file start-v2.cif (mmCIF, C-alpha atoms and all ligand atoms)
data_my_file
loop_
_atom_site.label_atom_id
_atom_site.label_comp_id
_atom_site.auth_asym_id
_atom_site.auth_seq_id
_atom_site.Cartn_x
_atom_site.Cartn_y
_atom_site.Cartn_z
CA MET R 5 148.52 143.00 80.45
CA ASN R 6 151.51 145.26 80.04
CA ILE R 7 155.05 144.56 81.16
CA HIS R 8 158.11 146.70 81.87
CA GLU R 9 160.80 147.52 79.33
CA TYR R 10 163.37 145.24 81.03
CA GLN R 11 160.90 142.33 80.94
CA ALA R 12 160.01 143.00 77.30
CA LYS R 13 163.72 142.93 76.48
CA GLN R 14 164.13 139.58 78.26
CA LEU R 15 161.43 138.12 76.01
CA LEU R 16 162.86 139.68 72.85
CA ALA R 17 166.34 138.37 73.68
CA GLN R 18 164.91 134.83 73.79
CA TYR R 19 163.96 135.25 70.13
CA GLY R 20 167.37 136.50 69.08
CA VAL R 21 166.70 140.24 69.17
CA THR R 22 169.86 142.10 70.20
CA ILE R 23 169.63 144.22 73.32
CA GLN R 24 172.27 145.96 75.39
CA GLN R 25 173.98 144.45 78.40
CA GLY R 26 172.71 145.61 81.74
CA GLY R 27 170.56 144.84 84.73
CA VAL R 28 167.64 145.98 86.88
CA ALA R 29 168.13 147.81 90.17
CA ALA R 30 165.82 148.67 93.05
CA THR R 31 168.38 150.79 94.91
CA ALA R 32 170.96 153.41 93.93
CA ASP R 33 173.78 151.12 95.14
CA GLU R 34 172.64 148.29 92.89
CA ALA R 35 172.43 150.72 89.97
CA ARG R 36 175.99 151.95 90.61
CA THR R 37 177.31 148.37 90.86
CA ILE R 38 175.74 147.43 87.52
CA ALA R 39 177.25 150.54 85.92
CA GLU R 40 180.70 149.74 87.40
CA LYS R 41 180.58 146.30 85.75
CA LEU R 42 179.55 147.81 82.42
CA PHE R 43 182.44 150.29 82.55
CA ALA R 44 184.87 147.56 83.61
CA GLY R 45 183.67 145.56 80.58
CA GLY R 46 184.62 148.38 78.23
CA SER R 47 181.45 150.49 77.92
CA LYS R 48 182.16 154.21 77.64
CA ASN R 49 178.66 155.34 78.61
CA ALA R 50 175.75 153.92 80.54
CA VAL R 51 172.09 154.82 80.71
CA VAL R 52 169.70 154.62 83.65
CA LYS R 53 166.02 154.26 82.78
CA SER R 54 162.93 154.53 85.00
CA GLN R 55 160.76 151.43 84.70
CA ILE R 56 157.08 152.35 84.49
CA HIS R 57 154.27 151.12 82.24
CA ALA R 58 154.31 154.27 80.12
CA GLY R 59 156.42 155.81 77.41
CA GLY R 60 157.71 159.34 76.98
CA ARG R 61 160.07 158.82 79.93
CA GLY R 62 163.02 160.55 78.30
CA LYS R 63 161.10 163.85 78.13
CA GLY R 64 159.27 163.21 81.42
CA MET R 65 159.58 165.18 84.64
CA PHE R 66 159.53 163.97 88.24
CA LYS R 67 157.17 165.58 90.71
CA SER R 68 160.28 166.29 92.78
CA GLY R 69 161.44 168.64 90.00
CA PHE R 70 164.13 166.23 88.70
CA LYS R 71 164.13 166.30 84.89
CA GLY R 72 164.16 163.19 82.67
CA GLY R 73 163.28 159.55 83.31
CA VAL R 74 166.16 158.39 81.06
CA LYS R 75 169.68 159.66 81.84
CA LEU R 76 173.10 159.00 80.32
CA SER R 77 176.44 159.22 82.06
CA ALA R 78 180.07 158.14 81.76
CA SER R 79 180.47 157.75 85.52
CA ALA R 80 179.17 154.95 87.73
CA SER R 81 178.70 157.24 90.71
CA GLU R 82 176.63 159.63 88.60
CA ILE R 83 174.49 156.69 87.40
CA GLY R 84 173.97 155.86 91.11
CA ALA R 85 173.02 159.48 91.84
CA PHE R 86 170.54 159.56 88.94
CA ALA R 87 168.99 156.30 90.19
CA GLN R 88 168.74 157.88 93.66
CA SER R 89 166.77 160.80 92.15
CA MET R 90 164.40 158.44 90.29
CA LEU R 91 163.69 155.62 92.75
CA GLY R 92 160.71 156.17 95.02
CA GLN R 93 159.72 159.25 93.01
CA VAL R 94 156.73 159.90 90.77
CA LEU R 95 157.45 160.41 87.07
CA VAL R 96 154.98 162.34 84.92
CA THR R 97 155.12 161.83 81.14
CA LYS R 98 152.83 162.53 78.20
CA GLN R 99 151.46 159.00 78.62
CA THR R 100 151.02 158.77 82.43
CA GLY R 101 148.49 161.57 82.85
CA PRO R 102 148.98 164.26 85.50
CA ASP R 103 149.10 161.76 88.40
CA GLY R 104 152.30 160.19 87.07
CA LYS R 105 153.70 156.80 88.08
CA LEU R 106 155.90 155.73 90.96
CA VAL R 107 159.33 154.45 89.92
CA SER R 108 160.32 151.36 91.93
CA ARG R 109 162.99 149.99 89.62
CA VAL R 110 165.49 151.32 87.12
CA LEU R 111 167.19 149.58 84.22
CA VAL R 112 170.91 150.28 83.86
CA GLU R 113 172.38 149.48 80.45
CA ALA R 114 175.41 150.11 78.30
CA ALA R 115 174.87 153.14 76.07
CA PRO R 116 176.73 152.75 72.81
CA LYS R 117 177.11 155.52 70.26
CA ILE R 118 173.79 155.84 68.41
CA LEU R 119 174.07 156.70 64.70
CA LYS R 120 170.42 156.50 63.78
CA GLU R 121 167.05 155.80 65.43
CA PHE R 122 164.24 153.83 63.74
CA TYR R 123 160.68 152.92 64.68
CA LEU R 124 159.41 149.33 64.60
CA ALA R 125 156.14 147.75 65.71
CA VAL R 126 154.05 144.62 65.19
CA LEU R 127 150.30 144.93 65.62
CA LEU R 128 147.13 143.19 64.57
CA ASP R 129 145.32 145.02 61.77
CA ARG R 130 141.73 144.21 62.63
CA ALA R 131 140.38 145.56 59.34
CA ILE R 132 142.26 142.93 57.32
CA SER R 133 142.56 140.30 60.10
CA ARG R 134 146.32 140.08 59.66
CA PRO R 135 149.43 140.90 61.67
CA VAL R 136 151.28 143.92 60.34
CA MET R 137 154.85 145.05 60.86
CA MET R 138 155.36 148.79 60.63
CA VAL R 139 158.71 150.53 60.36
CA SER R 140 159.84 154.09 59.93
CA ALA R 141 163.17 155.83 59.60
CA GLU R 142 161.62 158.57 61.77
CA GLY R 143 162.39 156.77 65.00
CA GLY R 144 162.76 157.94 68.56
CA MET R 145 159.97 160.47 68.16
CA ASP R 146 156.24 160.59 68.42
CA ILE R 147 155.02 158.02 65.87
CA GLU R 148 151.45 159.38 66.08
CA GLU R 149 152.80 162.68 64.78
CA VAL R 150 154.65 160.96 61.92
CA ALA R 151 151.44 159.05 61.06
CA ALA R 152 149.38 162.25 61.03
CA LYS R 153 151.76 164.56 59.17
CA THR R 154 153.87 162.31 56.94
CA PRO R 155 152.13 158.91 56.69
CA GLU R 156 154.28 158.02 53.64
CA LYS R 157 157.24 157.72 56.01
CA ILE R 158 155.73 154.63 57.63
CA MET R 159 156.23 151.35 55.74
CA ARG R 160 153.98 148.37 56.36
CA GLU R 161 154.34 144.69 55.62
CA VAL R 162 151.27 142.48 56.02
CA ILE R 163 152.10 139.03 57.39
CA ASP R 164 150.33 135.77 56.59
CA PRO R 165 149.77 134.20 60.02
CA ALA R 166 150.03 130.68 58.59
CA LEU R 167 153.48 131.36 57.10
CA GLY R 168 154.87 133.79 59.63
CA MET R 169 157.14 136.64 58.62
CA MET R 170 159.09 135.60 55.52
CA PRO R 171 162.78 136.59 55.33
CA TYR R 172 162.16 138.51 52.06
CA GLN R 173 159.58 140.67 53.83
CA ALA R 174 162.06 141.51 56.56
CA ARG R 175 164.76 142.34 53.96
CA LYS R 176 162.33 144.57 52.10
CA LEU R 177 161.67 146.59 55.26
CA ALA R 178 165.39 146.76 56.05
CA VAL R 179 166.10 148.22 52.60
CA ALA R 180 163.18 150.63 52.97
CA LEU R 181 164.82 151.87 56.19
CA GLY R 182 167.89 152.74 54.16
CA LEU R 183 170.09 149.93 55.49
CA ARG R 184 172.74 148.53 53.17
CA GLY R 185 175.35 145.76 53.05
CA ASP R 186 175.65 143.34 55.97
CA LEU R 187 173.15 145.36 57.94
CA ILE R 188 170.29 144.11 55.74
CA ALA R 189 170.77 140.50 56.86
CA GLN R 190 171.25 141.61 60.47
CA ALA R 191 168.10 143.71 60.42
CA ALA R 192 166.14 140.89 58.76
CA LYS R 193 167.07 138.49 61.55
CA LEU R 194 166.09 141.05 64.17
CA LEU R 195 162.75 141.84 62.49
CA VAL R 196 161.85 138.15 62.20
CA GLY R 197 162.77 137.77 65.91
CA VAL R 198 160.46 140.64 66.84
CA TYR R 199 157.63 139.08 64.85
CA LYS R 200 158.23 135.68 66.52
CA THR R 201 158.09 137.33 69.95
CA TRP R 202 154.75 138.90 69.04
CA TRP R 203 153.36 135.63 67.73
CA GLU R 204 154.66 133.13 70.27
CA CYS R 205 154.01 135.25 73.37
CA ASP R 206 150.44 136.02 72.20
CA ALA R 207 151.23 139.73 72.28
CA THR R 208 148.77 142.37 71.14
CA MET R 209 151.65 144.69 70.27
CA VAL R 210 155.41 144.83 70.28
CA GLU R 211 156.93 148.26 69.79
CA ILE R 212 160.62 149.10 69.55
CA ASN R 213 161.09 152.84 69.56
CA PRO R 214 163.88 153.40 68.96
CA LEU R 215 165.53 150.53 67.16
CA CYS R 216 169.08 151.89 66.82
CA LEU R 217 171.96 151.67 64.44
CA ILE R 218 175.01 151.87 66.70
CA GLU R 219 178.76 152.08 66.32
CA LEU R 220 180.72 149.37 68.11
CA PRO R 221 184.12 150.13 69.72
CA ASP R 222 185.86 148.54 66.71
CA GLY R 223 184.09 150.96 64.37
CA LYS R 224 181.66 148.38 62.97
CA GLN R 225 177.93 149.08 62.87
CA SER R 226 175.19 147.03 64.46
CA LEU R 227 171.46 147.15 65.27
CA ILE R 228 169.91 146.95 68.74
CA ALA R 229 166.55 147.41 70.44
CA VAL R 230 167.11 150.44 72.69
CA ASP R 231 163.52 150.66 73.97
CA ALA R 232 160.84 147.95 74.06
CA LYS R 233 157.16 147.84 74.88
CA ILE R 234 155.02 144.70 74.83
CA GLY R 235 151.27 144.40 75.43
CA LEU R 236 149.90 140.89 75.97
CA ASP R 237 146.52 139.32 75.33
CA ASP R 238 145.03 138.57 78.78
CA ASN R 239 142.93 135.77 77.33
CA ALA R 240 146.04 133.86 76.31
CA LEU R 241 148.06 134.47 79.47
CA TYR R 242 147.18 131.06 80.86
CA ARG R 243 149.47 129.61 78.20
CA HIS R 244 152.49 131.59 79.43
CA LYS R 245 153.44 130.93 83.03
CA GLU R 246 156.73 132.82 82.71
CA ILE R 247 154.94 135.93 81.41
CA GLN R 248 152.22 135.74 84.09
CA GLU R 249 154.96 136.16 86.66
CA MET R 250 155.92 139.47 85.07
CA ARG R 251 152.64 141.05 86.17
CA ASP R 252 153.29 144.18 88.26
CA LEU R 253 150.25 144.87 90.42
CA ALA R 254 151.63 148.27 91.43
CA GLU R 255 151.05 149.41 87.83
CA GLU R 256 147.38 148.41 87.74
CA SER R 257 144.31 150.22 88.98
CA PRO R 258 143.55 149.05 92.56
CA LEU R 259 139.88 148.60 91.65
CA GLU R 260 140.76 146.34 88.73
CA ILE R 261 142.99 144.21 90.98
CA GLU R 262 140.18 143.88 93.55
CA ALA R 263 137.80 142.85 90.74
CA SER R 264 140.18 140.21 89.43
CA LYS R 265 140.26 138.60 92.92
CA PHE R 266 136.53 137.94 92.57
CA ASN R 267 136.80 136.84 88.95
CA LEU R 268 134.91 139.89 87.79
CA ASN R 269 135.57 141.43 84.43
CA TYR R 270 135.95 145.10 85.41
CA ILE R 271 137.49 147.98 83.52
CA LYS R 272 137.42 151.48 84.95
CA LEU R 273 136.33 154.24 82.57
CA ASP R 274 136.01 157.96 83.14
CA GLY R 275 132.24 158.57 83.09
CA SER R 276 129.75 158.90 85.96
CA ILE R 277 127.26 156.02 85.50
CA ALA R 278 128.43 152.73 86.95
CA CYS R 279 127.12 149.59 85.25
CA LEU R 280 126.67 146.10 86.62
CA VAL R 281 125.73 143.67 83.89
CA ASN R 282 125.86 139.96 83.15
CA GLY R 283 127.55 139.02 79.90
CA ALA R 284 130.14 141.00 77.96
CA GLY R 285 127.84 141.62 74.99
CA LEU R 286 125.09 143.04 77.16
CA ALA R 287 127.69 145.08 79.07
CA MET R 288 128.85 146.69 75.82
CA ALA R 289 125.26 147.31 74.70
CA THR R 290 124.59 148.90 78.11
CA MET R 291 127.51 151.28 77.70
CA ASP R 292 126.26 152.15 74.20
CA ILE R 293 122.73 152.88 75.36
CA ILE R 294 123.98 155.08 78.22
CA GLN R 295 125.96 157.09 75.66
CA HIS R 296 122.99 157.12 73.30
CA PHE R 297 120.83 158.85 75.92
CA GLY R 298 123.54 161.38 76.70
CA GLY R 299 125.28 159.79 79.71
CA SER R 300 128.76 158.34 80.10
CA PRO R 301 129.67 154.96 81.64
CA ALA R 302 132.01 154.85 84.66
CA ASN R 303 133.05 151.28 84.02
CA PHE R 304 132.65 148.07 82.10
CA LEU R 305 131.58 145.30 84.46
CA ASP R 306 130.56 141.81 83.48
CA VAL R 307 129.71 139.66 86.50
CA GLY R 308 129.44 136.59 84.28
CA GLY R 309 126.68 134.11 83.76
CA GLY R 310 126.72 132.30 87.10
CA ALA R 311 127.71 134.96 89.63
CA SER R 312 127.17 134.26 93.34
CA LYS R 313 125.66 136.65 95.87
CA ASP R 314 129.18 137.36 97.20
CA GLN R 315 130.47 138.24 93.75
CA VAL R 316 127.58 140.63 93.18
CA CYS R 317 128.20 142.18 96.58
CA ALA R 318 131.94 142.57 95.81
CA ALA R 319 131.10 144.05 92.40
CA PHE R 320 128.89 146.64 94.05
CA LYS R 321 131.54 147.65 96.53
CA ILE R 322 134.07 148.05 93.73
CA ILE R 323 131.82 150.31 91.71
CA PHE R 324 130.91 152.52 94.69
CA SER R 325 134.51 153.03 95.66
CA ASP R 326 135.06 154.97 92.44
CA PRO R 327 134.46 158.60 93.55
CA SER R 328 133.35 159.72 90.07
CA VAL R 329 130.29 157.44 90.15
CA LYS R 330 127.04 159.45 90.44
CA ALA R 331 124.48 156.70 89.72
CA ILE R 332 124.34 152.94 89.25
CA PHE R 333 122.67 151.00 86.49
CA VAL R 334 122.09 147.27 87.05
CA ASN R 335 121.10 145.60 83.79
CA ILE R 336 120.52 141.87 84.09
CA PHE R 337 119.13 139.49 81.56
CA GLY R 338 118.92 136.19 83.40
CA GLY R 339 119.49 133.30 81.06
CA ILE R 340 121.58 131.15 83.35
CA MET R 341 121.75 133.91 85.95
CA ASP R 342 119.09 133.75 88.65
CA CYS R 343 117.63 137.27 89.02
CA ASN R 344 117.00 136.64 92.71
CA VAL R 345 120.71 136.02 93.36
CA ILE R 346 121.44 139.42 91.83
CA ALA R 347 118.68 141.06 93.86
CA THR R 348 119.90 139.50 97.12
CA GLY R 349 123.47 140.62 96.35
CA ILE R 350 122.31 144.17 95.59
CA VAL R 351 120.31 144.41 98.83
CA ALA R 352 123.20 143.05 100.93
CA ALA R 353 125.71 145.41 99.32
CA VAL R 354 123.50 148.50 99.60
CA LYS R 355 122.79 147.79 103.28
CA GLU R 356 126.44 147.12 104.04
CA THR R 357 127.74 150.26 102.36
CA GLY R 358 124.83 152.64 103.05
CA LEU R 359 124.61 153.62 99.38
CA LYS R 360 123.02 157.02 98.80
CA LEU R 361 123.36 157.21 95.01
CA PRO R 362 120.45 156.67 92.61
CA LEU R 363 120.17 152.99 91.74
CA VAL R 364 118.31 151.95 88.61
CA VAL R 365 117.61 148.26 88.14
CA ARG R 366 116.36 146.42 85.10
CA LEU R 367 115.85 142.71 85.72
CA GLU R 368 114.57 140.28 83.13
CA GLY R 369 114.54 136.50 82.74
CA ASN R 370 115.15 133.56 85.05
CA ASN R 371 113.33 133.91 88.41
CA VAL R 372 112.57 137.59 87.79
CA VAL R 373 109.40 137.67 89.92
CA ALA R 374 111.24 136.56 93.06
CA GLY R 375 114.08 138.98 92.26
CA LYS R 376 111.75 141.97 91.95
CA GLN R 377 110.00 140.96 95.16
CA THR R 378 113.31 140.84 97.05
CA LEU R 379 114.02 144.40 95.91
CA VAL R 380 110.55 145.67 96.89
CA GLU R 381 110.63 143.96 100.30
CA SER R 382 114.08 145.37 101.09
CA GLY R 383 112.56 148.83 101.54
CA LEU R 384 115.46 150.40 99.62
CA THR R 385 114.90 153.25 97.18
CA ILE R 386 115.39 151.57 93.88
CA ILE R 387 114.22 152.97 90.56
CA SER R 388 113.07 150.14 88.39
CA GLY R 389 113.19 150.20 84.61
CA ASP R 390 110.61 148.41 82.46
CA SER R 391 112.99 147.90 79.56
CA MET R 392 116.65 148.51 78.84
CA ALA R 393 115.86 151.81 77.10
CA ASP R 394 113.54 152.96 79.87
CA ALA R 395 116.12 152.13 82.57
CA ALA R 396 118.93 153.81 80.62
CA GLN R 397 116.90 157.02 80.27
CA LYS R 398 116.07 156.98 83.96
CA VAL R 399 119.68 156.57 85.04
CA VAL R 400 120.91 159.31 82.69
CA LYS R 401 118.19 161.63 84.05
CA SER R 402 119.16 160.86 87.64
CA VAL R 403 122.71 162.09 86.94
CA ALA R 404 121.62 165.15 84.98
CA ARG R 405 119.62 166.43 87.91
P1 LIG J 501 160.91 156.65 76.29
O1 LIG J 501 160.39 156.20 74.97
O2 LIG J 501 160.05 156.20 77.43
O3 LIG J 501 161.21 158.12 76.35
P2 LIG J 501 163.45 155.44 75.51
O4 LIG J 501 163.99 154.17 75.99
O5 LIG J 501 162.95 155.45 74.12
O6 LIG J 501 162.33 155.92 76.54
O7 LIG J 501 164.56 156.54 75.69
C1 LIG J 501 164.41 157.86 75.22
C2 LIG J 501 165.62 158.28 74.43
O8 LIG J 501 166.79 158.18 75.23
C3 LIG J 501 165.90 157.38 73.22
O9 LIG J 501 165.17 157.77 72.09
C4 LIG J 501 167.40 157.55 73.05
O10 LIG J 501 167.67 158.69 72.27
C5 LIG J 501 167.90 157.78 74.45
N1 LIG J 501 168.43 156.48 74.98
C6 LIG J 501 167.74 155.52 75.59
N2 LIG J 501 168.53 154.45 75.86
C7 LIG J 501 169.72 154.77 75.38
C8 LIG J 501 170.97 154.09 75.31
N3 LIG J 501 171.13 152.88 75.81
N4 LIG J 501 172.01 154.71 74.74
C9 LIG J 501 171.87 155.94 74.26
N5 LIG J 501 170.72 156.64 74.27
C10 LIG J 501 169.68 156.06 74.82
MG MG J 502 160.94 155.02 73.45
#

call {"tool": "encode", "arguments": {"input": "start-v2.cif", "output": "structure tokens"}}
result
Amino acid sequence: MNIHEYQAKQLLAQYGVTIQQGGVAATADEARTIAEKLFAGGSKNAVVKSQIHAGGRGKGMFKSGFKGGVKLSASASEIGAFAQSMLGQVLVTKQTGPDGKLVSRVLVEAAPKILKEFYLAVLLDRAISRPVMMVSAEGGMDIEEVAAKTPEKIMREVIDPALGMMPYQARKLAVALGLRGDLIAQAAKLLVGVYKTWWECDATMVEINPLCLIELPDGKQSLIAVDAKIGLDDNALYRHKEIQEMRDLAEESPLEIEASKFNLNYIKLDGSIACLVNGAGLAMATMDIIQHFGGSPANFLDVGGGASKDQVCAAFKIIFSDPSVKAIFVNIFGGIMDCNVIATGIVAAVKETGLKLPLVVRLEGNNVVAGKQTLVESGLTIISGDSMADAAQKVVKSVAR
């Protein structure tokens, strides 16, 4: 699950990471009021930021023609006007794809004078099975480009999960970023806080781009997280009630939301062959074999080991409602799963929706004879596969035609 920048900052602040003062607004009036308070409190500038689950907002463009999803101003009424231009509008950035994302909320924050922008992220390095903190003095820009062109400008520190991030590791990174004096201790505290957020929230990634060195009104320097992105491990969400409440359904694919209502493990992909499979391992193998024979999967769908007829029926409706689907591949190996339950669900769903697409079914295992009979007796046009490879070839062929 992903969360918005303002929510990510709330979590980071709980672990001692410094963020700017501000608030979230759903209307232009609210945005202006927040800005007025910031100015009354001594801020010289404020920033208004579109809240969507995608980066690249600063350089983004609204479909309305309004330029920039992040805007700075020294006037509260202008902050209100910017919010007016963003709210209810669709923002297109490098990361949203051409459809863009609807902005329903903006974050209004104090905008101090930025002296330098850094990059900071915590991720899991799967190759070494360890968390890694990455930093770069090339912040605020495309980190993928830095990684491709000048990888030596990214510093990494591997963290022992049993020990957590050690203060010396954080100081080492701070020095590598070119920080000196008091700022080293300040950065170290912030870096350890970012790591703790990643660890304790069961995050898959925490990215702060940019982490900024700012000048305070008294001339002193300080570090703050100016942007924040957090991805969370769905499998651990049950441990975090507070984070579960941050879920924003408007940011998720409607088909995935529908699937989650029926406890189905569904992920939309961009191919043309829909798959309905029991078990995540078999679902992955099914996607591989479709690719192997030259096709491309339209989704990952694991109906689980003990799916009911209703769940199968719901799963079918979800996969048909994806307009890019050109054929359906049902691949069931019934260990616990009763093949006849699947067959009954398929027949019910096909009759209900009047499916016209090629449907290839491979059933094997528990109660397979009854399952196959249900399909035959239904009178529906179903292509049956003798083996997984045979069925995969048949479904790929049906799309190629
Ligand atoms: P995104 O990564 O989606 O474009 P950011 O939050 O990183 O959004 O903002 C883009 C840029 O806007 C930042 O790199 C920074 O230069 C500027 N910016 C964002 N927030 C502030 C702020 N509070 N004060 C000054 N500049 C800011
Ligand atoms: Mg950013």

call {"tool": "residues_around", "arguments": {"input": "start-v2.cif", "residues": "range 223-225 of chain R", "least_positions_apart": "2", "cutoff": "10 Å", "atoms": "all atoms listed in the file", "output": "PyMOL selection string"}}
result
chain R and resi 117-119+186-187+217-221+227

call {"tool": "residues_around", "arguments": {"input": "start-v2.cif", "residues": "range 152-160 of chain R", "least_positions_apart": "3", "cutoff": "9 Å", "atoms": "all atoms listed in the file", "output": "list in words"}}
result
Tyr123, Val136, Met137, Met138, Val139, Ser140, Ala141, Glu142, Ile147, Glu148, Glu149, Leu177, Ala180 and Leu181 of chain R

call {"tool": "closest_residue", "arguments": {"input": "start-v2.cif", "among": "R:Val334, R:Ala404, R:Val351, R:Ala30", "to": "Gly383 in chain R", "atoms": "only C-alpha atoms"}}
result
R:Val351

call {"tool": "atom_distance", "arguments": {"input": "start-v2.cif", "atom1": "CA of Ser81 in chain R", "atom2": "CA of Lys233 in chain R"}}
result
28.3 Å

call {"tool": "closest_residue", "arguments": {"input": "start-v2.cif", "among": "R:Gly20, R:Gly69, R:Gly143, R:Gly101", "to": "ligand MG 502 (chain J)", "atoms": "all atoms listed in the file"}}
result
R:Gly143

call {"tool": "atom_distance", "arguments": {"input": "start-v2.cif", "atom1": "CA of Asn6 in chain R", "atom2": "CA of Ile322 in chain R"}}
result
22.3 Å

call {"tool": "residues_near_ligand", "arguments": {"input": "start-v2.cif", "ligand": "ligand MG 502 (chain J)", "cutoff": "8 Å", "atoms": "all atoms listed in the file", "output": "PyMOL selection string"}}
result
chain R and resi 59-62+144-145+212-214+230-232

call {"tool": "atom_distance", "arguments": {"input": "start-v2.cif", "atom1": "CA of Leu194 in chain R", "atom2": "CA of Pro165 in chain R"}}
result
18.2 Å

call {"tool": "axis_aligned_box", "arguments": {"input": "start-v2.cif", "around": "ligand LIG 501 (chain J)", "padding_each_side": "3 Å", "output": "JSON"}}
result
{"center_x": 166.0, "center_y": 155.8, "center_z": 74.8, "size_x": 18.0, "size_y": 11.8, "size_z": 11.3}

call {"tool": "build_atoms", "arguments": {"input": "start-v2.cif", "residues": "range 188-200 of chain R", "atoms": "N, CA and C atoms", "output": "compact mmCIF listing (two decimals), keeping the file's coordinate frame"}}
result
# COMPACT_ATOMS: atom_id res chain seq x y z
N ILE R 188 171.60 144.59 56.22
CA ILE R 188 170.29 144.11 55.74
C ILE R 188 170.00 142.74 56.36
N ALA R 189 170.97 141.85 56.30
CA ALA R 189 170.77 140.50 56.86
C ALA R 189 170.59 140.58 58.37
N GLN R 190 171.36 141.47 59.01
CA GLN R 190 171.25 141.61 60.47
C GLN R 190 169.88 142.13 60.87
N ALA R 191 169.42 143.14 60.13
CA ALA R 191 168.10 143.71 60.42
C ALA R 191 167.01 142.67 60.17
N ALA R 192 167.16 141.88 59.10
CA ALA R 192 166.14 140.89 58.76
C ALA R 192 165.99 139.88 59.89
N LYS R 193 167.10 139.45 60.45
CA LYS R 193 167.07 138.49 61.55
C LYS R 193 166.37 139.11 62.77
N LEU R 194 166.70 140.37 63.02
CA LEU R 194 166.09 141.05 64.17
C LEU R 194 164.58 141.22 63.97
N LEU R 195 164.17 141.62 62.77
CA LEU R 195 162.75 141.84 62.49
C LEU R 195 161.96 140.54 62.62
N VAL R 196 162.52 139.45 62.10
CA VAL R 196 161.85 138.15 62.20
C VAL R 196 161.74 137.75 63.69
N GLY R 197 162.79 138.05 64.46
CA GLY R 197 162.77 137.77 65.91
C GLY R 197 161.68 138.56 66.62
N VAL R 198 161.50 139.80 66.23
CA VAL R 198 160.46 140.64 66.84
C VAL R 198 159.08 140.06 66.50
N TYR R 199 158.92 139.66 65.24
CA TYR R 199 157.63 139.08 64.85
C TYR R 199 157.36 137.79 65.63
N LYS R 200 158.39 136.95 65.77
CA LYS R 200 158.23 135.68 66.52
C LYS R 200 157.85 135.94 67.97
